[in-house]
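Colleague: Got a structure for you, written out below as structure tokens; questions coming shortly.
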Amino acid sequence: MRTTIEAIRRFSEDGERFAMVTAYDYTSARLVDRSRVPLILVGDSLGMVVQGNDSTVPVTLDDMIYHTRMVVRGSATSLVVGDLPFGTTAIEDDAVRAAVRLMREGGCQSVKLEGGTPVAPLVRRLVDVGIPVMAHIGYTPQSVNTLGTRVQGRDEANARRIVLDALAVQEAGAWAVVLELVPAPLAAAITELLDIPTIGIGAGAGCSGQVQVWHDLLGLYDDFVPRHARRFRTLGDEAAAALDEYAAAVADGSFPAAENSSTMDAGILARAIE
Ligand code: KIV
Ligand code: NA
């Protein structure tokens, strides 16, 4: 059985902090299912970690549907949330169509969209047609080209705006809200203020849950580690070492071994190559 939104709500009401992780394909979704992480985000961060772009701006709705479908196929027990990518929420009617496609063709159980007060009417419309919405406020990566700083809400006006954003998306019917790169005390205060769960990334431990990017958590990069991330493993080093061992085993003839190969009758072979 898949984790339900109701179950996540209960975690949050019981003060049980929960983890969410991004995943972008079948195999990683299978791994999340084997773990105690109940929530998967098919994040448009795939624009960076899968596609190699330097922001999420180039990601299309078709990209998101493609990856969401793979993740949904790989997961049987995780609740899967799909990101609405850059530009798809700009015009409300288009946004509804985009969210319907992501749910129907991607197969996720909820969408996520960036923005607060300005997108509240859209959140309401989506919820009204039966599409659960996770909101995403604070630092919103799709606005990388208009936002000045990364950490949001350090000054009073900005902090106030984020509080109002949180209240607006809750009021509009969002079932959860991601708080990205906001000061920990502000995120904790918003978590207190809201009835819906907050999910932090770079927002301190006072949120109802946390979300992290797969590649950051598992140490698949060897260059940049964002401050908000912790590498719980360095699988990138493991993978590179495995590839080196493979290359060496090919070079010295120890791979493939007999158990990796099949045999045939010598007589048949002799006649075949005559
Ligand atoms: O796309 C993503 O990975 C995200 C999370 C970092 C919240 O939106
Ligand atoms: Na995202």
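All residue names refer to the structure tokens as shown: chains lettered A, B, ... in order, residues numbered from 1 in each chain, ligands numbered from 1 in order.
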Give me, as CSV, the closest atom pair and its distance (Å, one decimal) for every residue of region 166-230 of chain A within a cut-off of 12 Å of region 238-253 of chain A, counting only C-alpha atoms, rows sorted by chain and rising number.

Modeller:
residue,atom,partner,partner_atom,distance
A:Leu218,CA,A:Glu238,CA,10.5
A:Gly219,CA,A:Glu238,CA,9.6
A:Leu220,CA,A:Ala239,CA,8.4
A:Tyr221,CA,A:Ala239,CA,10.8
A:Asp222,CA,A:Ala240,CA,10.6

Colleague: Which parts of region 29-238 of chain A does DSSP call strand (DSSP E or B) when run on the backbone here, written out as a PDB file with C-alpha atoms, in the first residue's frame?

Modeller:
ATOM      1  CA  LEU A  39       7.871  10.306   0.441  1.00  0.00           C
ATOM      2  CA  ILE A  40       9.466  10.751  -2.985  1.00  0.00           C
ATOM      3  CA  LEU A  41       9.766  14.028  -4.822  1.00  0.00           C
ATOM      4  CA  VAL A  42      10.350  13.828  -8.542  1.00  0.00           C
ATOM      5  CA  LEU A  79       3.889   8.679  -1.867  1.00  0.00           C
ATOM      6  CA  VAL A  80       5.131  10.289  -5.090  1.00  0.00           C
ATOM      7  CA  VAL A  81       5.002  14.052  -5.625  1.00  0.00           C
ATOM      8  CA  GLY A  82       5.802  15.511  -9.058  1.00  0.00           C
ATOM      9  CA  ASP A  83       7.150  19.012  -9.644  1.00  0.00           C
ATOM     10  CA  SER A 110       0.394  15.045  -5.700  1.00  0.00           C
ATOM     11  CA  VAL A 111       1.978  17.915  -7.560  1.00  0.00           C
ATOM     12  CA  LYS A 112       4.334  20.519  -6.138  1.00  0.00           C
ATOM     13  CA  LEU A 113       4.548  24.081  -7.349  1.00  0.00           C
ATOM     14  CA  GLU A 114       6.694  27.068  -6.455  1.00  0.00           C
ATOM     15  CA  GLY A 115       5.248  30.281  -5.077  1.00  0.00           C
ATOM     16  CA  VAL A 133      -0.824  20.386  -3.959  1.00  0.00           C
ATOM     17  CA  MET A 134       2.439  20.700  -2.081  1.00  0.00           C
ATOM     18  CA  ALA A 135       3.530  24.339  -2.094  1.00  0.00           C
ATOM     19  CA  HIS A 136       7.157  25.530  -2.131  1.00  0.00           C
ATOM     20  CA  ILE A 137       8.177  28.910  -0.710  1.00  0.00           C
ATOM     21  CA  GLY A 138      11.253  30.732   0.544  1.00  0.00           C
ATOM     22  CA  ALA A 176       2.070  20.618   2.801  1.00  0.00           C
ATOM     23  CA  VAL A 177       4.612  23.317   2.105  1.00  0.00           C
ATOM     24  CA  VAL A 178       8.319  23.131   1.342  1.00  0.00           C
ATOM     25  CA  LEU A 179      10.392  25.836   3.055  1.00  0.00           C
ATOM     26  CA  GLU A 180      13.663  26.233   1.178  1.00  0.00           C
ATOM     27  CA  THR A 198       6.261  22.018   6.611  1.00  0.00           C
ATOM     28  CA  ILE A 199       9.078  20.271   4.784  1.00  0.00           C
ATOM     29  CA  GLY A 200      12.429  21.962   5.115  1.00  0.00           C
ATOM     30  CA  ILE A 201      15.528  22.095   2.964  1.00  0.00           C
ATOM     31  CA  GLY A 209       9.845  16.973   7.774  1.00  0.00           C
ATOM     32  CA  GLN A 210      12.920  17.368   5.600  1.00  0.00           C
ATOM     33  CA  VAL A 211      13.614  16.954   1.900  1.00  0.00           C
ATOM     34  CA  GLN A 212      16.992  16.343   0.278  1.00  0.00           C
TER      35      GLN A 212
END

Colleague: So, with only C-alpha atoms and all ligand atoms as the atoms that count, which of A:Glu105, A:Asp14, A:Asp44, A:Glu259 lies closest to ligand 1?

Modeller: A:Asp44

Colleague: Would you kindly return, as a list of chain:residue names, each protein, DNA or RNA residue with an atom no farther than 9 Å from any atom of region 224-236 of chain A, considering only C-alpha atoms and excluding same-chain residues fewer than 6 positions away?

Modeller: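 Returned residues: A:Leu181, A:Ile201, A:Gly202, A:Ala203, A:Gly204, A:Gln212, A:Val213, A:His215, A:Asp216, A:Leu217, A:Leu218.
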
Colleague: Export N, CA and C atoms of the chosen residues as a compact mmCIF listing (two decimals), in the first residue's frame?

Modeller:
# COMPACT_ATOMS: atom_id res chain seq x y z
N LEU A 181 15.67 27.20 2.13
CA LEU A 181 16.66 28.23 2.45
C LEU A 181 16.05 29.43 3.15
N ILE A 201 14.23 22.38 3.59
CA ILE A 201 15.53 22.09 2.96
C ILE A 201 16.36 23.35 3.18
N GLY A 202 17.38 23.23 3.99
CA GLY A 202 18.13 24.42 4.39
C GLY A 202 17.27 25.32 5.26
N ALA A 203 16.42 24.73 6.09
CA ALA A 203 15.48 25.52 6.90
C ALA A 203 15.49 25.05 8.36
N GLY A 204 16.50 24.31 8.76
CA GLY A 204 16.63 23.91 10.16
C GLY A 204 15.77 22.71 10.53
N GLN A 212 15.63 16.22 0.79
CA GLN A 212 16.99 16.34 0.28
C GLN A 212 17.05 15.77 -1.13
N VAL A 213 18.04 16.23 -1.87
CA VAL A 213 18.27 15.75 -3.23
C VAL A 213 19.11 14.46 -3.17
N HIS A 215 21.27 12.96 -5.04
CA HIS A 215 22.71 13.01 -5.33
C HIS A 215 23.51 13.65 -4.20
N ASP A 216 22.88 14.59 -3.50
CA ASP A 216 23.56 15.23 -2.35
C ASP A 216 23.68 14.25 -1.19
N LEU A 217 22.57 13.59 -0.87
CA LEU A 217 22.52 12.64 0.26
C LEU A 217 23.51 11.50 0.10
N LEU A 218 23.62 11.02 -1.13
CA LEU A 218 24.39 9.80 -1.37
C LEU A 218 25.81 10.10 -1.81

Colleague: Pick from A:Val32, A:Val37, A:Met103, A:Val59: nearest to ligand 1, with only C-alpha atoms and all ligand atoms counted?

Modeller: A:Val59

Colleague: Hey, what's within 12 Å of Ala7 (chain A) if we count only C-alpha atoms and toss same-chain stuff fewer than 6 positions away? As a PyMOL selection string, please?

Modeller: chain A and resi 1+13-14+16+18+38-39+77-79+175+197

Colleague: Export, as a PDB file, in the first residue's frame, the selected residues with N, CA and C atoms.

Modeller:
ATOM      1  N   MET A   1       0.834  -1.213   0.000  1.00  0.00           N
ATOM      2  CA  MET A   1       0.000   0.000   0.000  1.00  0.00           C
ATOM      3  C   MET A   1       0.865   1.257   0.000  1.00  0.00           C
ATOM      4  N   GLU A  13       1.099  15.563  12.883  1.00  0.00           N
ATOM      5  CA  GLU A  13       0.296  15.855  14.077  1.00  0.00           C
ATOM      6  C   GLU A  13       0.887  15.186  15.318  1.00  0.00           C
ATOM      7  N   ASP A  14       1.457  13.993  15.119  1.00  0.00           N
ATOM      8  CA  ASP A  14       2.056  13.271  16.244  1.00  0.00           C
ATOM      9  C   ASP A  14       3.470  13.764  16.558  1.00  0.00           C
ATOM     10  N   GLU A  16       6.031  13.457  14.713  1.00  0.00           N
ATOM     11  CA  GLU A  16       7.021  12.505  14.201  1.00  0.00           C
ATOM     12  C   GLU A  16       7.628  13.097  12.941  1.00  0.00           C
ATOM     13  N   PHE A  18       9.435  13.457   9.500  1.00  0.00           N
ATOM     14  CA  PHE A  18       9.536  12.503   8.383  1.00  0.00           C
ATOM     15  C   PHE A  18      10.500  13.009   7.317  1.00  0.00           C
ATOM     16  N   PRO A  38       9.264   7.703   3.457  1.00  0.00           N
ATOM     17  CA  PRO A  38       7.925   7.435   2.933  1.00  0.00           C
ATOM     18  C   PRO A  38       7.504   8.293   1.732  1.00  0.00           C
ATOM     19  N   LEU A  39       8.320   9.300   1.414  1.00  0.00           N
ATOM     20  CA  LEU A  39       7.871  10.306   0.441  1.00  0.00           C
ATOM     21  C   LEU A  39       8.940  10.534  -0.617  1.00  0.00           C
ATOM     22  N   THR A  77       5.251   1.673  -2.424  1.00  0.00           N
ATOM     23  CA  THR A  77       4.795   2.117  -1.096  1.00  0.00           C
ATOM     24  C   THR A  77       5.026   3.604  -0.822  1.00  0.00           C
ATOM     25  N   SER A  78       5.840   4.258  -1.649  1.00  0.00           N
ATOM     26  CA  SER A  78       6.109   5.681  -1.380  1.00  0.00           C
ATOM     27  C   SER A  78       5.011   6.552  -1.970  1.00  0.00           C
ATOM     28  N   LEU A  79       4.756   7.643  -1.309  1.00  0.00           N
ATOM     29  CA  LEU A  79       3.889   8.679  -1.867  1.00  0.00           C
ATOM     30  C   LEU A  79       4.758   9.490  -2.826  1.00  0.00           C
ATOM     31  N   TRP A 175      -1.631  20.832   0.962  1.00  0.00           N
ATOM     32  CA  TRP A 175      -1.599  19.850   2.068  1.00  0.00           C
ATOM     33  C   TRP A 175      -0.260  19.866   2.798  1.00  0.00           C
ATOM     34  N   PRO A 197       1.774  20.244   7.354  1.00  0.00           N
ATOM     35  CA  PRO A 197       3.197  19.980   7.563  1.00  0.00           C
ATOM     36  C   PRO A 197       4.097  20.913   6.746  1.00  0.00           C
TER      37      PRO A 197
END

Colleague: May I have a table of the residues of region 24-136 of chain A lying at most 6 Å from region 161-171 of chain A, giving each one's closest pair of atoms and their distance in Å to one decimal, counting only C-alpha atoms, ordered by chain and ascending residue number, as a tab-separated table?

Modeller:
residue	atom	partner	partner_atom	distance
A:Gly116	CA	A:Asp165	CA	4.1
A:Thr117	CA	A:Asp165	CA	4.8
A:Ala120	CA	A:Val169	CA	5.3

Colleague: Export, as a PDB file, in the first residue's frame, the selected residues with C-alpha atoms.

Modeller:
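Produced file result38.pdb, reproduced below:
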ATOM      1  CA  GLY A 116       3.131  31.672  -2.245  1.00  0.00           C
ATOM      2  CA  THR A 117       0.435  34.348  -2.209  1.00  0.00           C
ATOM      3  CA  ALA A 120      -2.829  30.769  -3.993  1.00  0.00           C
TER       4      ALA A 120
END

Colleague: Could you tell me, as a PyMOL selection string, which residues of region 62-187 of chain A DSSP assigns to alpha helix (DSSP H) when given the backbone?

Modeller: chain A and resi 62-74+92-101+120-128+156-172+184-187

Colleague: Give the answer as one residue: which of A:Thr191, A:Thr140, A:Thr3, A:Thr89 has the shortest atom-to-atom distance to Val119 (chain A), using only C-alpha atoms?

Modeller: A:Thr89

Colleague: Please compute the CA of Gly47 (chain A)-atom 5 (C, counted along the ligand's line) of ligand 1 distance, one decimal, in Å.

Modeller: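 That distance, rounded to one decimal, is 11.7 Å.
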
Colleague: Could you name the residues that touch Asp25 (chain A) at 10 Å or less, counting only C-alpha atoms, but leaving out those on the same chain fewer than 3 positions away, as a ChimeraX atom specification?

Modeller: /A:22,28-30,42,50,66-75

Colleague: Kindly export the residues of the current selection with N, CA and C atoms, as a PDB file, in the first residue's frame.

Modeller:
ATOM      1  N   THR A  22      14.421  13.116  -3.170  1.00  0.00           N
ATOM      2  CA  THR A  22      14.108  13.129  -4.596  1.00  0.00           C
ATOM      3  C   THR A  22      14.508  11.793  -5.210  1.00  0.00           C
ATOM      4  N   SER A  28      16.123   4.005  -8.542  1.00  0.00           N
ATOM      5  CA  SER A  28      16.224   4.773  -7.295  1.00  0.00           C
ATOM      6  C   SER A  28      14.909   4.730  -6.520  1.00  0.00           C
ATOM      7  N   ALA A  29      13.792   4.725  -7.238  1.00  0.00           N
ATOM      8  CA  ALA A  29      12.496   4.620  -6.553  1.00  0.00           C
ATOM      9  C   ALA A  29      12.386   3.290  -5.813  1.00  0.00           C
ATOM     10  N   ARG A  30      12.891   2.222  -6.436  1.00  0.00           N
ATOM     11  CA  ARG A  30      12.898   0.907  -5.772  1.00  0.00           C
ATOM     12  C   ARG A  30      13.693   0.972  -4.464  1.00  0.00           C
ATOM     13  N   VAL A  42       9.715  13.782  -7.229  1.00  0.00           N
ATOM     14  CA  VAL A  42      10.350  13.828  -8.542  1.00  0.00           C
ATOM     15  C   VAL A  42      10.577  15.318  -8.793  1.00  0.00           C
ATOM     16  N   VAL A  50      20.377  15.325 -13.366  1.00  0.00           N
ATOM     17  CA  VAL A  50      20.217  14.305 -14.407  1.00  0.00           C
ATOM     18  C   VAL A  50      20.598  14.872 -15.773  1.00  0.00           C
ATOM     19  N   TYR A  66       7.912  12.140 -17.974  1.00  0.00           N
ATOM     20  CA  TYR A  66       8.776  10.988 -18.293  1.00  0.00           C
ATOM     21  C   TYR A  66       9.422  10.423 -17.027  1.00  0.00           C
ATOM     22  N   HIS A  67      10.015  11.314 -16.222  1.00  0.00           N
ATOM     23  CA  HIS A  67      10.701  10.847 -15.008  1.00  0.00           C
ATOM     24  C   HIS A  67       9.705  10.396 -13.940  1.00  0.00           C
ATOM     25  N   THR A  68       8.588  11.090 -13.829  1.00  0.00           N
ATOM     26  CA  THR A  68       7.593  10.716 -12.823  1.00  0.00           C
ATOM     27  C   THR A  68       7.064   9.315 -13.106  1.00  0.00           C
ATOM     28  N   ARG A  69       6.845   9.022 -14.381  1.00  0.00           N
ATOM     29  CA  ARG A  69       6.344   7.702 -14.754  1.00  0.00           C
ATOM     30  C   ARG A  69       7.329   6.602 -14.332  1.00  0.00           C
ATOM     31  N   MET A  70       8.606   6.843 -14.538  1.00  0.00           N
ATOM     32  CA  MET A  70       9.623   5.852 -14.164  1.00  0.00           C
ATOM     33  C   MET A  70       9.642   5.634 -12.650  1.00  0.00           C
ATOM     34  N   VAL A  71       9.537   6.730 -11.917  1.00  0.00           N
ATOM     35  CA  VAL A  71       9.568   6.637 -10.450  1.00  0.00           C
ATOM     36  C   VAL A  71       8.334   5.899  -9.946  1.00  0.00           C
ATOM     37  N   VAL A  72       7.190   6.226 -10.498  1.00  0.00           N
ATOM     38  CA  VAL A  72       5.948   5.589 -10.052  1.00  0.00           C
ATOM     39  C   VAL A  72       5.997   4.086 -10.339  1.00  0.00           C
ATOM     40  N   ARG A  73       6.592   3.719 -11.476  1.00  0.00           N
ATOM     41  CA  ARG A  73       6.742   2.295 -11.807  1.00  0.00           C
ATOM     42  C   ARG A  73       7.635   1.572 -10.801  1.00  0.00           C
ATOM     43  N   GLY A  74       8.615   2.288 -10.256  1.00  0.00           N
ATOM     44  CA  GLY A  74       9.564   1.649  -9.349  1.00  0.00           C
ATOM     45  C   GLY A  74       9.111   1.630  -7.904  1.00  0.00           C
ATOM     46  N   SER A  75       8.084   2.389  -7.585  1.00  0.00           N
ATOM     47  CA  SER A  75       7.702   2.499  -6.177  1.00  0.00           C
ATOM     48  C   SER A  75       6.320   1.922  -5.967  1.00  0.00           C
TER      49      SER A  75
END

Colleague: What is the CA of Val144 (chain A) to CA of Ser55 (chain A) distance in Å?

Modeller: 7.6 Å

Colleague: Hey, what's within 8 Å of region 60-63 of chain A if we count only C-alpha atoms and toss same-chain stuff fewer than 4 positions away? As an NGL selection string, please?

Modeller: :A and (67 or 84-86 or 88 or 98 or 102)

Colleague: Pull C-alpha atoms from the residues just selected and write them as a PDB file, in the first residue's frame.

Modeller:
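Ended up saving to again-v8.pdb:
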ATOM      1  CA  HIS A  67      10.701  10.847 -15.008  1.00  0.00           C
ATOM      2  CA  LEU A  84       5.382  21.401 -12.006  1.00  0.00           C
ATOM      3  CA  PRO A  85       8.316  22.877 -13.934  1.00  0.00           C
ATOM      4  CA  PHE A  86       9.219  26.466 -14.817  1.00  0.00           C
ATOM      5  CA  THR A  88       3.815  25.827 -16.454  1.00  0.00           C
ATOM      6  CA  ALA A  98      -0.250  20.692 -16.874  1.00  0.00           C
ATOM      7  CA  LEU A 102       1.428  15.181 -14.605  1.00  0.00           C
TER       8      LEU A 102
END

Colleague: Counting only C-alpha atoms and all ligand atoms, which of A:Phe11, A:Tyr26, A:Tyr139, A:Phe255 gets nearest to ligand 1?

Modeller: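 Residue with the minimum atom-to-atom distance to ligand 1: A:Tyr139.
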
Colleague: Under the rule that only C-alpha atoms and all ligand atoms are counted, which of A:Ala19, A:Arg125, A:Ala95, A:Trp214 is the nearest residue to ligand 1?

Modeller: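 Nearest to ligand 1: A:Trp214.
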
Colleague: Of the candidates A:Ser12, A:Ser143, A:Ser35, A:Ser254, which one gets nearest to ligand 1 if we count only C-alpha atoms and all ligand atoms?

Modeller: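 Going through A:Ser12, A:Ser143, A:Ser35, A:Ser254 one by one, the smallest distance to ligand 1 is for A:Ser143.
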